[in-house]
Every structure is written in structure tokens, then in C-alpha cells.
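Participant: Below is final_39.cif; it holds mmCIF, C-alpha atoms.
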data_start
loop_
_atom_site.label_atom_id
_atom_site.label_comp_id
_atom_site.auth_asym_id
_atom_site.auth_seq_id
_atom_site.Cartn_x
_atom_site.Cartn_y
_atom_site.Cartn_z
CA MET A 197 161.38 82.33 116.95
CA SER A 198 160.32 83.49 120.42
CA GLU A 199 162.91 83.16 123.18
CA ARG A 200 160.29 83.25 125.92
CA LYS A 201 160.57 80.37 128.35
CA PRO A 202 157.68 77.91 128.66
CA SER A 203 154.78 79.13 130.78
CA PRO A 204 155.00 78.06 134.43
CA PHE A 205 151.23 78.23 134.73
CA LYS A 206 149.09 75.11 134.41
CA THR A 207 146.20 74.93 131.92
CA LEU A 208 143.23 73.15 133.49
CA LEU A 209 140.62 73.42 130.72
CA GLU A 210 140.58 74.67 127.15
CA SER A 211 137.83 75.24 124.61
CA ASP A 212 137.48 77.23 121.41
CA VAL A 213 136.22 80.19 123.46
CA CYS A 214 138.34 80.27 126.62
CA THR A 215 141.16 78.76 128.65
CA LEU A 216 141.16 78.10 132.39
CA ILE A 217 144.62 78.55 133.91
CA GLU A 218 145.85 78.12 137.46
CA ALA A 219 147.84 81.26 138.29
CA ALA A 220 148.58 80.27 141.89
CA GLU A 221 146.97 78.14 144.56
CA ASP A 222 143.24 79.07 144.62
CA VAL A 223 143.75 81.74 141.93
CA TYR A 224 142.48 81.12 138.39
CA GLN A 225 142.55 83.05 135.14
CA ILE A 226 139.66 82.57 132.73
CA ARG A 227 141.15 83.83 129.51
CA PHE A 228 138.74 84.42 126.66
CA LYS A 229 139.84 84.11 123.06
CA ASN A 230 137.47 86.76 121.70
CA ARG A 231 137.34 90.44 122.61
CA ALA A 232 136.37 89.83 126.24
CA ALA A 233 138.75 90.70 129.03
CA ASN A 234 140.19 88.07 131.33
CA ALA A 235 138.20 87.08 134.41
CA TYR A 236 139.86 86.00 137.65
CA LEU A 237 138.62 83.79 140.46
CA VAL A 238 140.26 84.16 143.87
CA ARG A 239 139.03 81.54 146.30
CA GLY A 240 139.79 82.66 149.83
CA SER A 241 139.44 80.74 153.07
CA SER A 242 136.68 83.06 154.31
CA ARG A 243 135.22 84.49 151.09
CA THR A 244 135.58 84.17 147.33
CA ILE A 245 135.66 86.91 144.73
CA MET A 246 135.82 87.37 140.99
CA ILE A 247 137.79 90.19 139.44
CA ASP A 248 136.07 91.16 136.17
CA VAL A 249 133.74 88.78 134.38
CA GLY A 250 134.08 89.37 130.62
CA LEU A 251 131.28 89.77 128.09
CA SER A 252 127.73 88.60 128.67
CA SER A 253 127.87 86.41 125.55
CA ASN A 254 130.67 84.41 127.22
CA TYR A 255 128.75 83.76 130.42
CA PRO A 256 127.97 80.06 129.65
CA HIS A 257 131.70 79.46 129.14
CA LEU A 258 132.51 81.35 132.33
CA LEU A 259 130.08 79.06 134.18
CA LYS A 260 131.76 75.98 132.74
CA CYS A 261 135.15 77.14 134.02
CA LEU A 262 133.76 77.94 137.47
CA GLN A 263 132.10 74.54 137.69
CA HIS A 264 135.37 72.86 136.66
CA VAL A 265 136.99 74.16 139.86
CA ASP A 266 133.84 73.50 141.92
CA CYS A 267 132.99 77.16 142.38
CA PRO A 268 129.53 77.89 140.90
CA PRO A 269 128.20 81.48 141.11
CA GLU A 270 126.40 80.85 144.41
CA LYS A 271 129.80 80.36 146.06
CA ILE A 272 131.05 83.78 144.92
CA ASP A 273 130.66 86.53 147.51
CA MET A 274 131.78 89.55 145.50
CA VAL A 275 132.48 90.61 141.92
CA VAL A 276 135.05 93.40 141.67
CA LEU A 277 134.96 95.45 138.46
CA SER A 278 138.33 96.96 137.57
CA HIS A 279 136.78 99.77 135.52
CA GLU A 280 133.69 100.51 133.46
CA HIS A 281 134.46 99.01 130.02
CA LEU A 282 131.97 96.37 128.96
CA ASP A 283 134.56 93.82 127.88
CA HIS A 284 135.35 93.59 131.61
CA ILE A 285 131.88 93.98 133.14
CA GLY A 286 129.35 92.83 130.52
CA ALA A 287 128.42 89.61 132.35
CA ALA A 288 128.17 91.30 135.76
CA TYR A 289 124.38 91.60 135.65
CA HIS A 290 124.18 87.81 135.85
CA PHE A 291 125.52 88.17 139.41
CA ASN A 292 123.02 90.85 140.50
CA GLY A 293 121.33 89.64 143.68
CA ARG A 294 123.78 86.73 144.00
CA ALA A 295 126.98 88.51 144.93
CA PHE A 296 127.95 92.01 145.93
CA ILE A 297 129.17 94.05 142.94
CA ALA A 298 132.03 96.44 143.71
CA ALA A 299 133.86 99.10 141.69
CA HIS A 300 135.73 102.34 142.21
CA ARG A 301 133.28 105.17 142.87
CA LEU A 302 134.02 106.82 139.50
CA ALA A 303 133.38 103.59 137.62
CA ALA A 304 130.32 102.86 139.76
CA ASN A 305 128.84 106.23 138.85
CA LYS A 306 129.31 105.61 135.11
CA ILE A 307 127.93 102.09 135.34
CA MET A 308 124.90 103.02 137.43
CA LEU A 309 124.06 105.98 135.17
CA ARG A 310 124.54 103.69 132.14
CA ASP A 311 127.02 106.02 130.49
CA ASP A 312 127.19 104.18 127.16
CA PHE A 313 130.03 106.31 125.78
CA SER A 314 132.29 105.62 128.76
CA MET A 315 131.32 101.95 128.86
CA LEU A 316 132.03 101.48 125.11
CA ARG A 317 128.61 99.92 124.54
CA LYS A 318 128.65 100.33 120.76
CA MET A 319 132.09 98.77 120.52
CA PHE A 320 130.98 95.60 122.31
CA ASN A 321 127.24 95.50 121.54
CA GLU A 322 126.33 94.09 124.96
CA PRO A 323 122.73 93.73 126.23
CA ASN A 324 121.48 97.01 127.67
CA ILE A 325 120.68 95.55 131.07
CA PRO A 326 121.40 97.50 134.28
CA ILE A 327 124.38 96.50 136.39
CA ASN A 328 123.91 97.44 140.02
CA VAL A 329 127.04 98.40 141.94
CA ASP A 330 126.60 97.67 145.64
CA ILE A 331 129.98 98.74 147.02
CA TRP A 332 131.96 101.82 145.99
CA LEU A 333 135.68 101.26 146.42
CA GLU A 334 138.40 103.79 147.16
CA GLU A 335 142.18 103.88 147.33
CA GLY A 336 143.35 102.11 150.47
CA ASN A 337 140.39 99.75 150.88
CA LEU A 338 141.34 96.19 151.86
CA LEU A 339 139.54 93.08 150.62
CA ASP A 340 140.25 90.44 153.26
CA LEU A 341 139.49 86.96 151.92
CA GLY A 342 141.16 85.13 154.78
CA ASN A 343 144.25 83.72 153.09
CA PHE A 344 144.34 86.63 150.60
CA ARG A 345 144.49 90.32 151.47
CA LEU A 346 143.95 92.47 148.40
CA ASN A 347 144.75 96.16 148.65
CA VAL A 348 142.78 98.49 146.40
CA MET A 349 144.99 100.91 144.48
CA TYR A 350 143.51 103.74 142.45
CA THR A 351 145.46 103.62 139.15
CA PRO A 352 143.87 105.95 136.59
CA GLY A 353 145.18 106.36 133.07
CA HIS A 354 143.41 103.84 130.87
CA THR A 355 140.25 105.51 132.19
CA SER A 356 139.71 107.82 135.17
CA ALA A 357 138.24 104.94 137.18
CA CYS A 358 140.77 102.10 136.99
CA ILE A 359 141.78 100.16 140.06
CA THR A 360 144.51 97.59 140.68
CA LEU A 361 144.34 94.92 143.39
CA PHE A 362 147.57 93.83 145.04
CA ASP A 363 148.30 91.07 147.54
CA GLN A 364 151.59 92.16 149.07
CA ASP A 365 152.34 88.89 150.85
CA LYS A 366 151.82 86.74 147.77
CA GLY A 367 153.00 89.29 145.19
CA LEU A 368 149.82 88.98 143.12
CA LEU A 369 149.16 92.06 140.96
CA PHE A 370 145.71 92.24 139.37
CA ALA A 371 146.44 95.22 137.12
CA SER A 372 143.59 94.99 134.59
CA ASP A 373 144.38 97.26 131.59
CA THR A 374 146.92 99.42 133.42
CA LEU A 375 149.72 96.93 132.86
CA MET A 376 149.90 93.94 130.53
CA PRO A 377 152.59 91.36 129.77
CA GLY A 378 155.54 92.66 127.80
CA GLY A 379 154.72 96.22 128.86
CA VAL A 380 151.82 96.48 126.42
CA MET A 381 149.57 99.44 127.10
CA GLY A 382 145.82 99.12 127.31
CA GLY A 383 145.30 102.43 125.55
CA VAL A 384 143.84 105.69 126.82
CA PHE A 385 140.08 106.01 126.46
CA GLY A 386 137.58 108.81 127.10
CA SER A 387 138.30 109.98 130.62
CA GLY A 388 141.83 108.52 130.58
CA SER A 389 145.13 110.39 130.59
CA ILE A 390 148.63 109.43 129.48
CA ALA A 391 150.11 111.48 132.32
CA ASP A 392 147.93 109.65 134.86
CA TYR A 393 148.92 106.37 133.19
CA ILE A 394 152.61 107.11 133.76
CA GLN A 395 152.04 108.03 137.40
CA SER A 396 150.05 104.82 137.98
CA LEU A 397 152.76 102.71 136.36
CA GLU A 398 155.39 104.37 138.55
CA ARG A 399 153.37 103.27 141.57
CA LEU A 400 153.24 99.69 140.28
CA LYS A 401 157.01 99.74 139.70
CA GLY A 402 157.55 100.21 143.42
CA LEU A 403 155.71 97.02 144.38
CA ASN A 404 157.26 93.62 145.08
CA SER A 405 154.95 91.97 142.56
CA LYS A 406 155.71 88.43 141.44
CA ILE A 407 152.81 87.52 139.16
CA LEU A 408 151.01 89.91 136.83
CA LEU A 409 147.35 89.08 136.26
CA SER A 410 146.26 91.54 133.60
CA GLY A 411 143.05 92.41 131.80
CA HIS A 412 144.12 90.83 128.52
CA GLY A 413 146.67 88.29 127.39
CA ARG A 414 148.79 85.77 129.22
CA LEU A 415 149.88 85.61 132.83
CA SER A 416 153.36 86.98 133.48
CA ASP A 417 155.95 86.04 136.07
CA THR A 418 158.11 89.05 135.13
CA PRO A 419 155.98 92.03 136.24
CA GLN A 420 158.98 94.18 137.12
CA ASP A 421 160.28 93.90 133.55
CA ASP A 422 156.79 94.49 132.18
CA VAL A 423 156.27 97.72 134.09
CA ARG A 424 159.65 99.15 133.09
CA VAL A 425 158.83 98.62 129.41
CA ALA A 426 155.34 100.07 129.90
CA ILE A 427 156.72 103.24 131.47
CA GLN A 428 159.08 103.77 128.54
CA ARG A 429 156.27 103.15 126.05
CA SER A 430 154.01 105.56 127.90
CA HIS A 431 156.62 108.30 127.70
CA ASN A 432 157.02 107.53 123.99
CA LEU A 433 153.26 107.77 123.52
CA LEU A 434 153.21 111.10 125.33
CA SER A 435 155.93 112.37 123.01
CA ASP A 436 154.21 110.97 119.92
CA THR A 437 150.95 112.64 120.95
CA ALA A 438 152.67 116.00 121.15
CA GLN A 439 154.16 115.44 117.68
CA LEU A 440 150.75 114.41 116.40
CA PHE A 441 149.19 117.69 117.48
CA ASP A 442 152.11 119.59 115.96
CA ALA A 443 151.57 117.68 112.72
CA LEU A 444 147.86 118.45 112.75
CA ASP A 445 148.57 122.10 113.33
CA ALA A 446 151.00 122.07 110.40
CA ARG A 447 148.63 119.93 108.28
CA SER A 448 151.51 117.48 107.80
CA ASN A 449 151.43 113.77 107.10
CA PHE A 450 151.16 112.10 110.50
CA GLU A 451 150.71 108.47 109.42
CA PRO A 452 154.20 107.48 110.71
CA ILE A 453 153.22 108.77 114.14
CA MET A 454 149.95 106.87 114.12
CA GLN A 455 151.84 103.71 113.16
CA SER A 456 154.11 104.26 116.15
CA VAL A 457 151.06 104.43 118.43
CA ARG A 458 149.68 101.21 116.90
CA ASP A 459 153.02 99.45 117.40
CA LEU A 460 153.04 100.38 121.07
CA ASN A 461 149.73 98.63 121.60
CA LYS A 462 150.44 95.26 119.97
CA LEU A 463 149.60 92.60 122.51
CA ASP A 464 152.55 90.56 123.75
CA ASP A 465 150.64 87.33 123.66
CA GLY A 466 153.01 84.57 122.71
#
Go ahead and express the file in the form of C-alpha cells.

Facilitator:
Amino acid sequence: MSERKPSPFKTLLESDVCTLIEAAEDVYQIRFKNRAANAYLVRGSSRTIMIDVGLSSNYPHLLKCLQHVDCPPEKIDMVVLSHEHLDHIGAAYHFNGRAFIAAHRLAANKIMLRDDFSMLRKMFNEPNIPINVDIWLEEGNLLDLGNFRLNVMYTPGHTSACITLFDQDKGLLFASDTLMPGGVMGGVFGSGSIADYIQSLERLKGLNSKILLSGHGRLSDTPQDDVRVAIQRSHNLLSDTAQLFDALDARSNFEPIMQSVRDLNKLDDG
């Protein structure tokens, strides 16, 4: 039986596809129950943004959640894409011409060039419709929403293009697939790097974060614990990868090592 305490976050709406959860005042998680990543709505006093939008097939359900909190797409000023994977950005083309689309310059380049390998198009089978990125973000940019001030942090590892958004005053950490509850890793894909992953996690460890709003899974009010576990798992994965290559060179049985990698990536989703 799980010893985790009851969630402090309020569920506002639930369907067979998604759940709308209030993470903090004017901050909402739209958590999909299929393969789509979480989407986040941050309603500021001067402007409103979404951070990731999930798969295109989920767009009607995304709309329902936005309407539930009286924030239809025309009230959204910007959509920030955490990285290029389609489970995070698939529905972004629905916002083309309505809101500014923003992403780190490396992600923007992949998205604009329609780099299907980097975007994992075959894995998610999304419509092949262009997504236009209007604003290219960099480390140190500030998204000022009035009552929220989100700092852009460049946190590569999962891919070369991942960003994290952090509100220092409120302790809100929008970490996408760089950090997930329980220290679960989002995996290393294509342009990613385990070494970069570790360095990015070390940066997150130094923050005074209070709520973790990740790319998949539940909200977490223990981000400091989560990041410590993730760093240890990342070092384990780095070690296991070295053993894997040694095993391949020796033509040995490396199934135990692969099982270790799979265990590291089980979602802590209770």
C-alpha cells in the first residue's frame, strides 16, 4: 500500500480522457490519460500562456478544460513549447494565428524544418501540419505575465532543446520531461545526453522550488526530493550505459542491464 499522503491539489473536472487540476491560484494542469503530455494554463494579470498543449487528437478535450475555467483559446496570448516532441506540441497548430508560439531556438529549428525523427512523428502519428514558431527563446529570457514572472532555463538532456520555466517568487517549476514526480526520468532521445541531463538536474536542485509541474504524471509538492532521486537515477543510468556497451563489446547477455534501465523509467504516478 502506498504511503504517499493525499494530494493537496484540487480536481476541477474529470473525464475518461483528461483531468483538470488546480495547481495553484490561476495555474492549472490538464493531465491527459493517454500518451499525451500534460498541458498547463497560467493565467496572469496582464497576459495568459499555455505551456505545452498535448496531442492534436486531444484538442477537443483541451478546449473543454479551458472553457471550464473561462479561458477559451482567444484569451491565450502565448503557447510555450518545452521541446520538440509531438506528445507536447501536437495540438499547437490549432493556435497558429491566435497566439504567439514560442520555443527554444533549437526546438524551433526542428519544428519549423519538420524534423520528423526529432519530433517522434511515427511514434505519435500526429497530423503532418506545420507548426509555426514565432518567438525563439533562450536561457535567461523572462516571461512577465504580471503576477507571474517565469524565467526561461535551458535544461538539455532529454533532448538538446529542452527548457524549464521557473517562477522564483512562487516556487513554481515547470520542468517538462527533465524532472518528474518521484525522480522519474523522461528518457534520453535523439539529440539528448545523459551527461547534459545530470547537469540540468543539478541546476534544478539549486532552486527553491515548491511545486513541480512536469510533462507527465501527477503534480508534486516535494520537488527537492524528486530532483535528488532523479540525479541518483541519472548517474545509475550513465553507469548502466557504460556496462551495456561493455556487454555489447563482449557479446554478453545484457538483458539485466536493460531491465535496470526500464525500472528507472517507471512513472511514479500513484

Participant: Here's the selection I'm unsure about, the PyMOL selection byres ((chain A and resi 321) around 12); applied to the file above, which residues does it give, as a JSON list (two decimals) with C-alpha atoms, in the coordinates of the input?

Facilitator:
[["chain", "number", "residue", "atom", "x", "y", "z"],
["A", 231, "ARG", "CA", 137.34, 90.44, 122.61],
["A", 232, "ALA", "CA", 136.37, 89.83, 126.24],
["A", 251, "LEU", "CA", 131.28, 89.77, 128.09],
["A", 252, "SER", "CA", 127.73, 88.60, 128.67],
["A", 253, "SER", "CA", 127.87, 86.41, 125.55],
["A", 281, "HIS", "CA", 134.46, 99.01, 130.02],
["A", 282, "LEU", "CA", 131.97, 96.37, 128.96],
["A", 283, "ASP", "CA", 134.56, 93.82, 127.88],
["A", 286, "GLY", "CA", 129.35, 92.83, 130.52],
["A", 312, "ASP", "CA", 127.19, 104.18, 127.16],
["A", 313, "PHE", "CA", 130.03, 106.31, 125.78],
["A", 315, "MET", "CA", 131.32, 101.95, 128.86],
["A", 316, "LEU", "CA", 132.03, 101.48, 125.11],
["A", 317, "ARG", "CA", 128.61, 99.92, 124.54],
["A", 318, "LYS", "CA", 128.65, 100.33, 120.76],
["A", 319, "MET", "CA", 132.09, 98.77, 120.52],
["A", 320, "PHE", "CA", 130.98, 95.60, 122.31],
["A", 322, "GLU", "CA", 126.33, 94.09, 124.96],
["A", 323, "PRO", "CA", 122.73, 93.73, 126.23],
["A", 324, "ASN", "CA", 121.48, 97.01, 127.67],
["A", 325, "ILE", "CA", 120.68, 95.55, 131.07]]

Participant: Of the residues A:Gln428, A:Asn328, A:Gln225, A:Ser314, which is the one nearest to A:Ala299, using only C-alpha atoms?

Facilitator: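 Checking each candidate against A:Ala299, we get A:Asn328 as the closest.
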
Participant: To test your reading of the syntax: which residues would the PyMOL selection byres ((chain A and resi 308) around 10) return for the file shown? Reply as a ChimeraX atom specification.

Facilitator: /A:280,303-307,309-311,326-330

Participant: Just write the chosen residues, C-alpha atoms, as a compact mmCIF listing (two decimals), in the coordinates of the input.

Facilitator:
# COMPACT_ATOMS: atom_id res chain seq x y z
CA GLU A 280 133.69 100.51 133.46
CA ALA A 303 133.38 103.59 137.62
CA ALA A 304 130.32 102.86 139.76
CA ASN A 305 128.84 106.23 138.85
CA LYS A 306 129.31 105.61 135.11
CA ILE A 307 127.93 102.09 135.34
CA LEU A 309 124.06 105.98 135.17
CA ARG A 310 124.54 103.69 132.14
CA ASP A 311 127.02 106.02 130.49
CA PRO A 326 121.40 97.50 134.28
CA ILE A 327 124.38 96.50 136.39
CA ASN A 328 123.91 97.44 140.02
CA VAL A 329 127.04 98.40 141.94
CA ASP A 330 126.60 97.67 145.64

Participant: Written as a ChimeraX atom specification, what is the full residue list that the PyMOL selection byres ((chain A and resi 273-279) around 7) yields on the file shown?

Facilitator: /A:243-248,271-272,280-281,285,295-299,303,357-360,372

Participant: List as a compact mmCIF listing (two decimals) with C-alpha atoms, keeping the file's coordinate frame the protein and nucleic acid residues near A:Gly367, meaning an atom at most 8 Å away when all atoms listed in the file are counted, but skip any in the same chain fewer than 5 places from it.

Facilitator:
# COMPACT_ATOMS: atom_id res chain seq x y z
CA PHE A 362 147.57 93.83 145.04
CA ASN A 404 157.26 93.62 145.08
CA SER A 405 154.95 91.97 142.56
CA LYS A 406 155.71 88.43 141.44
CA ILE A 407 152.81 87.52 139.16

Participant: Go through A:Asn254, A:Ser241, A:Gln364, A:Gln395 one by one, measure the shortest atom-to-atom distance of each to A:Arg227 using only C-alpha atoms, and give the residue with the smallest value.

Facilitator: A:Asn254

Participant: Restricting the calculation to all atoms listed in the file: of A:Leu333, A:Leu209, A:Ala287, A:Leu397, which residue gets closest to A:Ile226?

Facilitator: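 Nearest candidate to A:Ile226 out of A:Leu333, A:Leu209, A:Ala287, A:Leu397: A:Leu209.
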
Participant: A:Ala235, A:Ile427, A:Ile331, A:Leu262: which is nearest A:Ile390, counting all atoms listed in the file?

Facilitator: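 Ranked by minimum distance to A:Ile390, first place goes to A:Ile427.
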
Participant: At a cut-off of 12 Å from (149.3, 89.0, 149.3) in the coordinates of the file, what residues are picked up using all atoms listed in the file, written as a PyMOL selection string?

Facilitator: chain A and resi 220+223+238+240+338-348+361-370+403-407

Participant: Hey, can you spit out that residue selection with C-alpha atoms as a short mmCIF file (atom, residue, chain, number, x, y, z; two decimals), in the coordinates of the input?

Facilitator:
data_model
loop_
_atom_site.label_atom_id
_atom_site.label_comp_id
_atom_site.auth_asym_id
_atom_site.auth_seq_id
_atom_site.Cartn_x
_atom_site.Cartn_y
_atom_site.Cartn_z
CA ALA A 220 148.58 80.27 141.89
CA VAL A 223 143.75 81.74 141.93
CA VAL A 238 140.26 84.16 143.87
CA GLY A 240 139.79 82.66 149.83
CA LEU A 338 141.34 96.19 151.86
CA LEU A 339 139.54 93.08 150.62
CA ASP A 340 140.25 90.44 153.26
CA LEU A 341 139.49 86.96 151.92
CA GLY A 342 141.16 85.13 154.78
CA ASN A 343 144.25 83.72 153.09
CA PHE A 344 144.34 86.63 150.60
CA ARG A 345 144.49 90.32 151.47
CA LEU A 346 143.95 92.47 148.40
CA ASN A 347 144.75 96.16 148.65
CA VAL A 348 142.78 98.49 146.40
CA LEU A 361 144.34 94.92 143.39
CA PHE A 362 147.57 93.83 145.04
CA ASP A 363 148.30 91.07 147.54
CA GLN A 364 151.59 92.16 149.07
CA ASP A 365 152.34 88.89 150.85
CA LYS A 366 151.82 86.74 147.77
CA GLY A 367 153.00 89.29 145.19
CA LEU A 368 149.82 88.98 143.12
CA LEU A 369 149.16 92.06 140.96
CA PHE A 370 145.71 92.24 139.37
CA LEU A 403 155.71 97.02 144.38
CA ASN A 404 157.26 93.62 145.08
CA SER A 405 154.95 91.97 142.56
CA LYS A 406 155.71 88.43 141.44
CA ILE A 407 152.81 87.52 139.16
#

Participant: Rank A:Leu375, A:Val380, A:Tyr350, A:Leu208 by their smallest atom-to-atom distance to A:Val265, using all atoms listed in the file, and report the top residue only.

Facilitator: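 Once distances to A:Val265 are computed over all atoms listed in the file, the minimum belongs to A:Leu208.
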
Participant: Here is a test: counting only C-alpha atoms, which residue of A:Gly336, A:Pro204, A:Gly250, A:Gly353 is nearest to A:Ser396?

Facilitator: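 Checking each candidate against A:Ser396, we get A:Gly353 as the closest.
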
Participant: Could you jot down the atom CA of A:Ala219 to atom CA of A:Gln420 separation for me, Å, one decimal place?

Facilitator: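 Computing it gives 17.1 Å between the two atoms.
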
Participant: In Å, with one decimal, what is the gap from atom CA of A:Lys206 to atom CA of A:Asp421?

Facilitator: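 Result for atom CA of A:Lys206 versus atom CA of A:Asp421: 21.9 Å, one decimal.
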
Participant: Would you mind reading off the distance between atom CA of A:Trp332 and atom CA of A:Gly388, one decimal, in Å?

Facilitator: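 Interatomic distance here is 19.5 Å.
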
Participant: To box stretch 418-437 of chain A, take all atoms listed in the file, fit an axis-aligned box, add 5 Å on each side, and give centre and edge lengths in Å to one decimal, as lines of an AutoDock Vina configuration file.

Facilitator:
center_x = 155.6
center_y = 100.8
center_z = 128.5
size_x = 19.3
size_y = 33.6
size_z = 27.2
